[in-house]
$ cat target-v3.cif   # mmCIF, C-alpha atoms (C1' of nucleotides)
data_run
loop_
_atom_site.label_atom_id
_atom_site.label_comp_id
_atom_site.auth_asym_id
_atom_site.auth_seq_id
_atom_site.Cartn_x
_atom_site.Cartn_y
_atom_site.Cartn_z
CA MET W 23 34.05 75.06 98.59
CA LYS W 24 37.20 75.04 96.53
CA GLN W 25 37.27 71.38 95.58
CA GLN W 26 33.74 71.40 94.28
CA ASP W 27 34.40 74.53 92.23
CA LEU W 28 37.27 72.79 90.56
CA PHE W 29 35.55 69.54 89.73
CA ARG W 30 32.50 71.41 88.58
CA ALA W 31 34.55 73.63 86.30
CA LEU W 32 36.26 70.66 84.71
CA ALA W 33 33.03 68.76 84.20
CA ASP W 34 31.99 70.73 81.13
CA PRO W 35 33.65 69.71 77.85
CA ASN W 36 33.56 73.21 76.42
CA ARG W 37 35.38 74.58 79.43
CA ARG W 38 38.02 71.92 79.00
CA ARG W 39 38.34 72.98 75.37
CA ILE W 40 38.83 76.54 76.50
CA LEU W 41 41.56 75.46 78.89
CA LYS W 42 43.27 73.55 76.13
CA ALA W 43 43.07 76.56 73.83
CA LEU W 44 44.76 78.63 76.51
CA GLN W 45 47.68 76.23 76.65
CA LYS W 46 49.08 77.93 73.58
CA GLY W 47 49.27 81.18 75.49
CA SER W 48 47.14 84.01 76.84
CA MET W 49 44.27 85.19 74.70
CA THR W 50 41.62 87.86 74.86
CA ALA W 51 38.04 86.77 75.42
CA GLY W 52 37.29 87.77 71.84
CA GLU W 53 40.08 85.66 70.41
CA ILE W 54 38.87 82.63 72.29
CA GLY W 55 35.32 83.39 71.30
CA ALA W 56 36.38 83.32 67.67
CA LEU W 57 37.49 79.72 68.15
CA PHE W 58 34.13 78.57 69.42
CA ALA W 59 30.55 78.74 68.33
CA PHE W 60 28.82 80.22 71.33
CA THR W 61 27.94 83.78 72.12
CA ALA W 62 30.08 86.19 74.08
CA ALA W 63 27.61 85.86 76.94
CA SER W 64 28.01 82.11 77.14
CA LEU W 65 31.74 82.44 76.94
CA SER W 66 31.71 84.96 79.74
CA HIS W 67 29.66 82.59 81.84
CA HIS W 68 32.21 79.83 81.32
CA PHE W 69 35.01 82.20 82.26
CA SER W 70 33.29 83.12 85.50
CA ILE W 71 33.20 79.45 86.44
CA LEU W 72 36.79 78.91 85.41
CA LYS W 73 37.77 81.94 87.46
CA ALA W 74 35.83 80.71 90.48
CA ALA W 75 37.86 77.53 90.26
CA ASP W 76 40.98 79.64 89.94
CA LEU W 77 41.83 77.83 86.72
CA VAL W 78 42.31 81.04 84.78
CA ARG W 79 43.57 84.50 85.58
CA THR W 80 42.47 87.73 83.97
CA GLU W 81 44.23 90.96 83.19
CA ARG W 82 42.76 94.01 81.56
CA ARG W 83 44.69 95.36 78.57
CA GLY W 84 43.06 98.29 76.86
CA HIS W 85 39.48 97.36 76.37
CA HIS W 86 40.41 93.77 75.98
CA ILE W 87 40.54 91.32 78.83
CA VAL W 88 43.33 88.83 78.56
CA TYR W 89 42.77 85.36 79.91
CA SER W 90 45.56 83.03 80.84
CA LEU W 91 45.85 79.60 82.34
CA ASN W 92 46.71 79.44 86.01
CA SER W 93 49.05 76.49 86.00
CA THR W 94 49.63 76.60 89.74
CA VAL W 95 46.24 74.96 90.29
CA LEU W 96 47.50 71.87 88.55
CA GLU W 97 49.03 70.80 91.83
CA ASP W 98 45.72 71.19 93.62
CA VAL W 99 43.88 69.25 90.96
CA SER W 100 46.43 66.48 91.02
CA ARG W 101 46.26 66.29 94.78
CA MET W 102 42.47 66.11 94.72
CA VAL W 103 42.45 63.40 92.11
CA LEU W 104 45.12 61.37 93.84
CA ASP W 105 43.27 61.82 97.08
CA LEU W 106 40.41 59.79 95.64
CA PHE W 107 42.56 56.74 95.11
CA PRO W 108 44.55 54.66 97.53
CA LEU W 109 48.19 54.96 96.66
CA THR W 110 50.01 51.73 95.93
CA ARG W 111 53.01 53.01 97.82
CA ARG W 112 52.92 55.68 100.51
CA MET E 174 32.76 59.45 75.41
CA LYS E 175 35.09 58.12 78.03
CA GLN E 176 36.66 61.37 79.16
CA GLN E 177 33.31 63.03 79.69
CA ASP E 178 32.03 60.06 81.67
CA LEU E 179 34.97 60.36 83.99
CA PHE E 180 34.80 64.08 84.61
CA ARG E 181 31.05 63.89 85.01
CA ALA E 182 31.34 61.08 87.53
CA LEU E 183 33.84 63.02 89.59
CA ALA E 184 31.79 66.21 89.51
CA ASP E 185 29.37 65.07 92.19
CA PRO E 186 30.57 65.41 95.78
CA ASN E 187 28.61 62.40 97.00
CA ARG E 188 30.19 60.20 94.37
CA ARG E 189 33.61 61.39 95.48
CA ARG E 190 32.64 60.47 99.04
CA ILE E 191 31.68 57.02 97.84
CA LEU E 192 35.04 56.62 96.13
CA LYS E 193 36.81 57.68 99.29
CA ALA E 194 34.80 55.20 101.33
CA LEU E 195 35.86 52.46 98.95
CA GLN E 196 39.52 53.27 99.55
CA LYS E 197 39.31 51.26 102.75
CA GLY E 198 38.39 48.19 100.75
CA SER E 199 35.56 46.56 98.84
CA MET E 200 32.07 46.94 100.27
CA THR E 201 28.61 45.76 99.39
CA ALA E 202 26.12 48.33 98.17
CA GLY E 203 24.29 47.95 101.45
CA GLU E 204 27.35 48.61 103.54
CA ILE E 205 28.07 51.78 101.61
CA GLY E 206 24.45 52.77 101.81
CA ALA E 207 24.64 52.51 105.59
CA LEU E 208 27.33 55.20 105.55
CA PHE E 209 25.23 57.70 103.67
CA ALA E 210 21.82 59.23 103.99
CA PHE E 211 20.26 58.54 100.63
CA THR E 212 18.07 55.71 99.50
CA ALA E 213 19.22 52.50 97.88
CA ALA E 214 17.82 53.77 94.61
CA SER E 215 19.90 56.94 94.70
CA LEU E 216 22.95 54.97 95.63
CA SER E 217 22.36 52.61 92.75
CA HIS E 218 22.10 55.56 90.41
CA HIS E 219 25.46 56.87 91.58
CA PHE E 220 26.99 53.44 91.11
CA SER E 221 25.78 53.24 87.56
CA ILE E 222 27.55 56.50 86.81
CA LEU E 223 30.70 55.40 88.59
CA LYS E 224 30.60 52.17 86.63
CA ALA E 225 30.10 53.99 83.34
CA ALA E 226 33.26 55.92 84.16
CA ASP E 227 34.95 52.63 85.00
CA LEU E 228 35.83 54.02 88.41
CA VAL E 229 34.40 51.04 90.24
CA ARG E 230 34.09 47.36 89.53
CA THR E 231 31.32 45.06 90.70
CA GLU E 232 31.19 41.42 91.63
CA ARG E 233 28.18 39.49 92.75
CA ARG E 234 28.62 37.53 95.96
CA GLY E 235 25.52 35.72 97.12
CA HIS E 236 22.73 38.23 96.93
CA HIS E 237 25.11 41.01 97.70
CA ILE E 238 26.93 42.97 95.09
CA VAL E 239 30.42 43.95 96.09
CA TYR E 240 31.79 47.23 94.84
CA SER E 241 35.48 47.98 94.65
CA LEU E 242 37.59 50.83 93.44
CA ASN E 243 39.18 50.40 90.04
CA SER E 244 42.56 51.99 90.69
CA THR E 245 43.79 51.47 87.16
CA VAL E 246 41.69 54.43 86.02
CA LEU E 247 43.81 56.67 88.13
CA GLU E 248 46.32 56.78 85.31
CA ASP E 249 43.65 57.85 82.85
CA VAL E 250 42.39 60.54 85.17
CA SER E 251 45.88 61.83 85.78
CA ARG E 252 46.62 61.87 82.09
CA MET E 253 43.42 63.76 81.36
CA VAL E 254 44.08 66.32 84.04
CA LEU E 255 47.68 66.81 83.02
CA ASP E 256 46.55 67.09 79.42
CA LEU E 257 44.70 70.26 80.35
CA PHE E 258 47.82 72.01 81.47
CA PRO E 259 51.01 72.81 79.62
CA LEU E 260 53.83 70.91 81.24
CA THR E 261 56.74 72.96 82.44
CA ARG E 262 59.12 70.32 81.17
CA ARG E 263 58.35 67.73 78.56
"C1'" DA U 98 30.84 114.34 76.18
"C1'" DT U 99 29.71 110.80 72.56
"C1'" DT U 100 30.36 106.94 70.22
"C1'" DA U 101 32.34 102.34 69.41
"C1'" DA U 102 34.24 98.10 70.95
"C1'" DA U 103 34.78 94.38 74.30
"C1'" DC U 104 32.92 92.10 77.98
"C1'" DT U 105 29.61 91.13 81.70
"C1'" DT U 106 25.08 90.79 83.93
"C1'" DA U 107 20.17 89.79 84.04
"C1'" DG U 108 16.51 87.06 82.88
"C1'" DA U 109 14.47 83.26 80.32
"C1'" DC U 110 14.29 78.53 78.46
"C1'" DG U 111 15.23 73.73 77.60
"C1'" DA U 112 18.08 69.93 78.98
"C1'" DT U 113 20.35 67.36 82.42
"C1'" DT U 114 20.82 65.83 87.16
"C1'" DA U 115 20.10 64.15 91.93
"C1'" DT U 116 16.87 62.45 94.64
"C1'" DC U 117 12.66 60.15 96.03
"C1'" DT U 118 8.82 56.38 96.07
"C1'" DA U 119 7.11 52.36 94.15
"C1'" DA U 120 7.58 48.47 91.34
"C1'" DA U 121 10.62 44.96 89.25
"C1'" DT U 122 14.47 41.65 89.19
"C1'" DA U 123 17.82 38.51 90.86
"C1'" DT U 124 19.56 35.19 94.38
"C1'" DT U 125 19.37 32.23 98.32
"C1'" DG U 126 17.21 29.35 101.82
"C1'" DT U 127 13.24 26.82 103.20
"C1'" DA N 80 7.61 26.75 94.24
"C1'" DC N 81 7.77 30.60 97.80
"C1'" DA N 82 9.24 34.03 100.74
"C1'" DA N 83 12.93 37.12 102.12
"C1'" DT N 84 16.80 40.02 101.11
"C1'" DA N 85 19.60 42.96 98.12
"C1'" DT N 86 19.88 45.73 94.38
"C1'" DT N 87 18.15 47.89 90.05
"C1'" DT N 88 14.72 50.18 87.10
"C1'" DA N 89 10.87 53.30 86.12
"C1'" DG N 90 8.72 57.41 86.68
"C1'" DA N 91 8.18 61.88 89.00
"C1'" DT N 92 9.92 66.26 90.87
"C1'" DA N 93 12.81 70.02 92.09
"C1'" DA N 94 17.23 72.03 91.37
"C1'" DT N 95 21.15 73.02 88.60
"C1'" DC N 96 23.28 73.99 84.21
"C1'" DG N 97 24.40 75.67 79.51
"C1'" DT N 98 22.91 78.61 76.27
"C1'" DC N 99 20.55 82.51 74.28
"C1'" DT N 100 18.94 87.57 73.67
"C1'" DA N 101 18.88 92.00 75.41
"C1'" DA N 102 20.50 95.43 78.38
"C1'" DG N 103 24.33 97.31 81.16
"C1'" DT N 104 29.28 98.55 82.07
"C1'" DT N 105 33.89 99.90 81.21
"C1'" DT N 106 37.61 101.64 78.45
"C1'" DA N 107 39.60 104.21 74.63
"C1'" DA N 108 39.43 107.30 70.84
"C1'" DT N 109 37.45 111.18 68.64
#
$ encode --input "target-v3.cif" --output "structure tokens"
Amino acid sequence: MKQQDLFRALADPNRRRILKALQKGSMTAGEIGALFAFTAASLSHHFSILKAADLVRTERRGHHIVYSLNSTVLEDVSRMVLDLFPLTRR
Amino acid sequence: MKQQDLFRALADPNRRRILKALQKGSMTAGEIGALFAFTAASLSHHFSILKAADLVRTERRGHHIVYSLNSTVLEDVSRMVLDLFPLTRR
DNA sequence: ATTAAACTTAGACGATTATCTAAATATTGT
DNA sequence: ACAATATTTAGATAATCGTCTAAGTTTAAT
């Protein structure tokens, strides 16, 4: 299910840090890895979850893989969050 | 940490169902329990996590405990979510 | 074709999590 | 004080999760 993928992806603090790092622009997996302490394998695992939630997009460039934030999901996230609360005005 | 408590609380689908149930108004733990399949103990566990995230408030009434949604957190959640994405205009 | 570089996949391990049963703790009414 | 009701806490168990190492895959350059 889509909604669960999203909430699950956002539940991990390191994944949120990755998302924040990507705010500054697209980066290769290696560049992001350099910012954090974990192994390439762990990073790749996080990316697979972020991709499943459609929070990031990938594009191969040479033998690098460039990751970028998929900002269009923001609407979905917002909707899901708002959906959990009764609106004061509707 | 506050942010982690919030994202963690929202990560579980059953807790999101509880939040949605509370949209219709305050309910006692028992009333909510009647809507779901798990035991009172499990429910209580979920409530403790929702409380830690400040998503619900409690009030004792007789020997019932009334749970209600704390809508003021909505702002915090929204801010946290928006914080993860670069705004198109700022 | 081989090698090197950049990621991913597979498999393992410890930590956290959701759930349960059983026992404990209020609170009210008798 | 005592019993009944409502909820929480403790302790156990199975499943999920984050991380690691080691092996595999893909691309580019020689």
$ interface_residues --input "target-v3.cif" --of "chain W" --to "chain U" --cutoff "12 Å" --atoms "all atoms listed in the file" --output "list in words"
Thr50, Ala51, Gly52, Glu53, Gly55, Thr61, Ala62, Ala63, Ser64, Leu65, Ser66, His67, His68, Phe69, Ser70, Arg82, Arg83, Gly84, His85, His86, Ile87 and Val88 of chain W
$ atom_distance --input "target-v3.cif" --atom1 "C1' of DA107 (chain N)" --atom2 "CA of Glu81 (chain W)"
16.4 Å
$ closest_residue --input "target-v3.cif" --among "E:Pro186, E:Met253, E:Val229, E:Lys224" --to "chain W" --atoms "all atoms listed in the file"
E:Pro186
$ atom_distance --input "target-v3.cif" --atom1 "CA of Gln26 (chain W)" --atom2 "CA of Leu255 (chain E)"
18.5 Å
$ atom_distance --input "target-v3.cif" --atom1 "CA of Leu223 (chain E)" --atom2 "CA of Ala182 (chain E)"
5.8 Å
$ interface_residues --input "target-v3.cif" --of "chain E" --to "chain W" --cutoff "8 Å" --atoms "all atoms listed in the file" --output "PyMOL selection string"
chain E and resi 177+180-181+183-186+189+192-193+196+242+244+247+250-251+254-259
$ write_last_selection --input "target-v3.cif" --atoms "C-alpha atoms" --output "PDB file, keeping the file's coordinate frame"
ATOM      1  CA  GLN E 177      33.310  63.030  79.690  1.00  0.00           C
ATOM      2  CA  PHE E 180      34.800  64.080  84.610  1.00  0.00           C
ATOM      3  CA  ARG E 181      31.050  63.890  85.010  1.00  0.00           C
ATOM      4  CA  LEU E 183      33.840  63.020  89.590  1.00  0.00           C
ATOM      5  CA  ALA E 184      31.790  66.210  89.510  1.00  0.00           C
ATOM      6  CA  ASP E 185      29.370  65.070  92.190  1.00  0.00           C
ATOM      7  CA  PRO E 186      30.570  65.410  95.780  1.00  0.00           C
ATOM      8  CA  ARG E 189      33.610  61.390  95.480  1.00  0.00           C
ATOM      9  CA  LEU E 192      35.040  56.620  96.130  1.00  0.00           C
ATOM     10  CA  LYS E 193      36.810  57.680  99.290  1.00  0.00           C
ATOM     11  CA  GLN E 196      39.520  53.270  99.550  1.00  0.00           C
ATOM     12  CA  LEU E 242      37.590  50.830  93.440  1.00  0.00           C
ATOM     13  CA  SER E 244      42.560  51.990  90.690  1.00  0.00           C
ATOM     14  CA  LEU E 247      43.810  56.670  88.130  1.00  0.00           C
ATOM     15  CA  VAL E 250      42.390  60.540  85.170  1.00  0.00           C
ATOM     16  CA  SER E 251      45.880  61.830  85.780  1.00  0.00           C
ATOM     17  CA  VAL E 254      44.080  66.320  84.040  1.00  0.00           C
ATOM     18  CA  LEU E 255      47.680  66.810  83.020  1.00  0.00           C
ATOM     19  CA  ASP E 256      46.550  67.090  79.420  1.00  0.00           C
ATOM     20  CA  LEU E 257      44.700  70.260  80.350  1.00  0.00           C
ATOM     21  CA  PHE E 258      47.820  72.010  81.470  1.00  0.00           C
ATOM     22  CA  PRO E 259      51.010  72.810  79.620  1.00  0.00           C
TER      23      PRO E 259
END
$ resolve_selection --input "target-v3.cif" --expression "the PyMOL selection byres ((chain N) within 8 of (chain W))" --output "JSON, numbers by chain"
{"N": [97, 98, 99, 105, 106, 107]}
$ decode --input "target-v3.cif" --residues "region 101-125 of chain U" --atoms "N, CA, C and O atoms (P, O5', C5', C4', C3', O3' and C1' of nucleotides)" --output "CSV table (one decimal), in the first residue's frame"
chain,number,residue,atom,x,y,z
U,101,DA,P,42.2,-3.6,-11.4
U,101,DA,O5',41.2,-2.4,-11.5
U,101,DA,C5',41.4,-1.3,-12.5
U,101,DA,C4',40.5,-0.2,-12.2
U,101,DA,C3',40.2,0.0,-10.7
U,101,DA,O3',40.0,1.4,-10.5
U,101,DA,C1',38.2,-0.6,-11.8
U,102,DA,P,39.6,2.0,-9.1
U,102,DA,O5',38.1,2.3,-9.3
U,102,DA,C5',37.7,3.2,-10.4
U,102,DA,C4',36.3,3.5,-10.4
U,102,DA,C3',35.7,3.9,-9.0
U,102,DA,O3',34.8,4.9,-9.1
U,102,DA,C1',34.5,2.0,-9.9
U,103,DA,P,34.0,5.5,-7.9
U,103,DA,O5',32.5,4.8,-8.1
U,103,DA,C5',31.8,5.2,-9.3
U,103,DA,C4',30.4,4.7,-9.2
U,103,DA,C3',29.8,4.9,-7.8
U,103,DA,O3',28.4,5.2,-8.0
U,103,DA,C1',29.8,2.6,-8.2
U,104,DC,P,27.6,6.0,-6.9
U,104,DC,O5',26.4,5.0,-6.5
U,104,DC,C5',26.7,3.7,-6.3
U,104,DC,C4',25.6,2.8,-6.9
U,104,DC,C3',24.6,2.4,-5.9
U,104,DC,O3',23.3,2.2,-6.5
U,104,DC,C1',25.9,0.5,-6.6
U,105,DT,P,22.1,1.7,-5.6
U,105,DT,O5',22.1,0.1,-5.7
U,105,DT,C5',22.0,-0.4,-7.0
U,105,DT,C4',21.9,-1.9,-6.9
U,105,DT,C3',20.8,-2.4,-5.9
U,105,DT,O3',20.1,-3.5,-6.6
U,105,DT,C1',22.9,-3.4,-5.4
U,106,DT,P,18.8,-4.2,-5.9
U,106,DT,O5',19.3,-5.6,-5.5
U,106,DT,C5',20.3,-6.3,-6.3
U,106,DT,C4',20.7,-7.7,-5.6
U,106,DT,C3',19.6,-8.3,-4.7
U,106,DT,O3',19.7,-9.7,-4.9
U,106,DT,C1',21.6,-7.9,-3.5
U,107,DA,P,18.6,-10.7,-4.2
U,107,DA,O5',19.6,-11.4,-3.2
U,107,DA,C5',20.9,-11.7,-3.5
U,107,DA,C4',21.6,-12.6,-2.4
U,107,DA,C3',20.6,-13.2,-1.5
U,107,DA,O3',21.2,-14.5,-1.0
U,107,DA,C1',22.0,-11.7,-0.3
U,108,DG,P,20.4,-15.5,-0.2
U,108,DG,O5',21.1,-15.4,1.3
U,108,DG,C5',22.6,-15.3,1.3
U,108,DG,C4',23.0,-15.1,2.7
U,108,DG,C3',22.1,-15.6,3.8
U,108,DG,O3',22.9,-16.2,4.8
U,108,DG,C1',22.4,-13.4,4.1
U,109,DA,P,22.2,-16.8,6.1
U,109,DA,O5',22.8,-15.9,7.3
U,109,DA,C5',24.2,-15.6,7.3
U,109,DA,C4',24.5,-14.6,8.4
U,109,DA,C3',23.8,-14.9,9.7
U,109,DA,O3',24.8,-14.7,10.8
U,109,DA,C1',23.3,-12.7,9.0
U,110,DC,P,24.4,-15.1,12.2
U,110,DC,O5',24.2,-13.7,13.0
U,110,DC,C5',25.2,-12.7,12.7
U,110,DC,C4',24.8,-11.5,13.5
U,110,DC,C3',24.1,-11.8,14.8
U,110,DC,O3',24.5,-11.1,15.9
U,110,DC,C1',22.8,-10.4,13.5
U,111,DG,P,24.0,-11.4,17.4
U,111,DG,O5',23.4,-9.9,17.8
U,111,DG,C5',24.3,-8.8,17.6
U,111,DG,C4',23.4,-7.6,17.7
U,111,DG,C3',22.6,-7.5,19.0
U,111,DG,O3',22.7,-6.1,19.4
U,111,DG,C1',21.1,-7.4,17.2
U,112,DA,P,21.9,-5.7,20.8
U,112,DA,O5',20.7,-4.8,20.1
U,112,DA,C5',21.0,-3.8,19.2
U,112,DA,C4',19.7,-3.1,18.8
U,112,DA,C3',18.8,-2.8,19.9
U,112,DA,O3',18.3,-1.5,19.7
U,112,DA,C1',17.7,-4.1,18.4
U,113,DT,P,17.3,-0.8,20.8
U,113,DT,O5',15.9,-0.9,20.0
U,113,DT,C5',15.8,-0.3,18.7
U,113,DT,C4',14.5,-0.7,18.1
U,113,DT,C3',13.2,-0.3,18.9
U,113,DT,O3',12.4,0.5,18.1
U,113,DT,C1',13.1,-2.5,18.2
U,114,DT,P,11.0,1.0,18.6
U,114,DT,O5',10.0,-0.2,18.1
U,114,DT,C5',10.0,-0.6,16.8
U,114,DT,C4',8.8,-1.5,16.5
U,114,DT,C3',7.6,-1.1,17.3
U,114,DT,O3',6.5,-1.2,16.4
U,114,DT,C1',8.2,-3.4,17.7
U,115,DA,P,5.1,-0.6,16.8
U,115,DA,O5',4.1,-1.9,16.7
U,115,DA,C5',4.1,-2.7,15.6
U,115,DA,C4',3.3,-3.9,15.9
U,115,DA,C3',2.0,-3.7,16.6
U,115,DA,O3',1.0,-4.5,16.1
U,115,DA,C1',3.4,-5.2,17.9
U,116,DT,P,-0.5,-4.4,16.5
U,116,DT,O5',-0.8,-5.6,17.5
U,116,DT,C5',-0.6,-6.9,17.0
U,116,DT,C4',-0.4,-7.9,18.1
U,116,DT,C3',-1.4,-7.9,19.3
U,116,DT,O3',-2.4,-8.7,19.0
U,116,DT,C1',0.9,-8.3,20.0
U,117,DC,P,-3.6,-8.9,20.0
U,117,DC,O5',-3.1,-10.0,21.1
U,117,DC,C5',-2.7,-11.2,20.6
U,117,DC,C4',-2.0,-12.0,21.8
U,117,DC,C3',-2.9,-12.1,23.0
U,117,DC,O3',-3.5,-13.3,23.2
U,117,DC,C1',-0.6,-11.5,23.5
U,118,DT,P,-4.6,-13.5,24.4
U,118,DT,O5',-3.6,-13.8,25.7
U,118,DT,C5',-2.8,-15.0,25.7
U,118,DT,C4',-2.2,-15.1,27.0
U,118,DT,C3',-3.1,-15.2,28.2
U,118,DT,O3',-2.6,-16.1,29.2
U,118,DT,C1',-1.7,-13.4,28.5
U,119,DA,P,-3.5,-16.5,30.5
U,119,DA,O5',-2.8,-15.6,31.6
U,119,DA,C5',-1.4,-15.6,31.6
U,119,DA,C4',-0.9,-14.8,32.8
U,119,DA,C3',-1.8,-14.7,34.0
U,119,DA,O3',-1.0,-14.6,35.1
U,119,DA,C1',-1.5,-12.6,33.2
U,120,DA,P,-1.6,-14.6,36.6
U,120,DA,O5',-1.2,-13.2,37.2
U,120,DA,C5',0.2,-12.9,37.1
U,120,DA,C4',0.4,-11.4,37.4
U,120,DA,C3',-0.2,-11.0,38.7
U,120,DA,O3',0.7,-10.2,39.4
U,120,DA,C1',-1.0,-9.6,37.0
U,121,DA,P,0.3,-9.5,40.8
U,121,DA,O5',0.1,-7.9,40.4
U,121,DA,C5',1.2,-7.2,39.9
U,121,DA,C4',0.7,-5.8,39.6
U,121,DA,C3',0.1,-5.0,40.8
U,121,DA,O3',0.7,-3.7,40.8
U,121,DA,C1',-1.3,-5.0,38.9
U,122,DT,P,0.5,-2.8,42.1
U,122,DT,O5',-0.4,-1.6,41.6
U,122,DT,C5',-0.1,-0.9,40.4
U,122,DT,C4',-1.3,-0.1,39.9
U,122,DT,C3',-1.9,0.7,41.0
U,122,DT,O3',-2.0,2.1,40.5
U,122,DT,C1',-3.5,-0.4,39.7
U,123,DA,P,-2.2,3.3,41.5
U,123,DA,O5',-3.7,2.9,42.0
U,123,DA,C5',-4.6,4.0,42.1
U,123,DA,C4',-5.2,4.3,40.7
U,123,DA,C3',-6.5,5.0,41.0
U,123,DA,O3',-6.7,6.0,40.0
U,123,DA,C1',-7.0,2.9,40.0
U,124,DT,P,-7.5,7.4,40.4
U,124,DT,O5',-9.0,6.9,40.5
U,124,DT,C5',-9.7,6.7,39.3
U,124,DT,C4',-11.0,6.1,39.5
U,124,DT,C3',-11.9,6.7,40.6
U,124,DT,O3',-13.0,7.2,40.0
U,124,DT,C1',-11.9,4.3,40.7
U,125,DT,P,-14.1,8.1,40.8
U,125,DT,O5',-15.3,7.1,41.0
U,125,DT,C5',-15.8,6.5,39.8
U,125,DT,C4',-16.7,5.3,40.2
U,125,DT,C3',-17.8,5.7,41.2
U,125,DT,O3',-19.1,5.4,40.7
U,125,DT,C1',-16.7,3.8,41.9
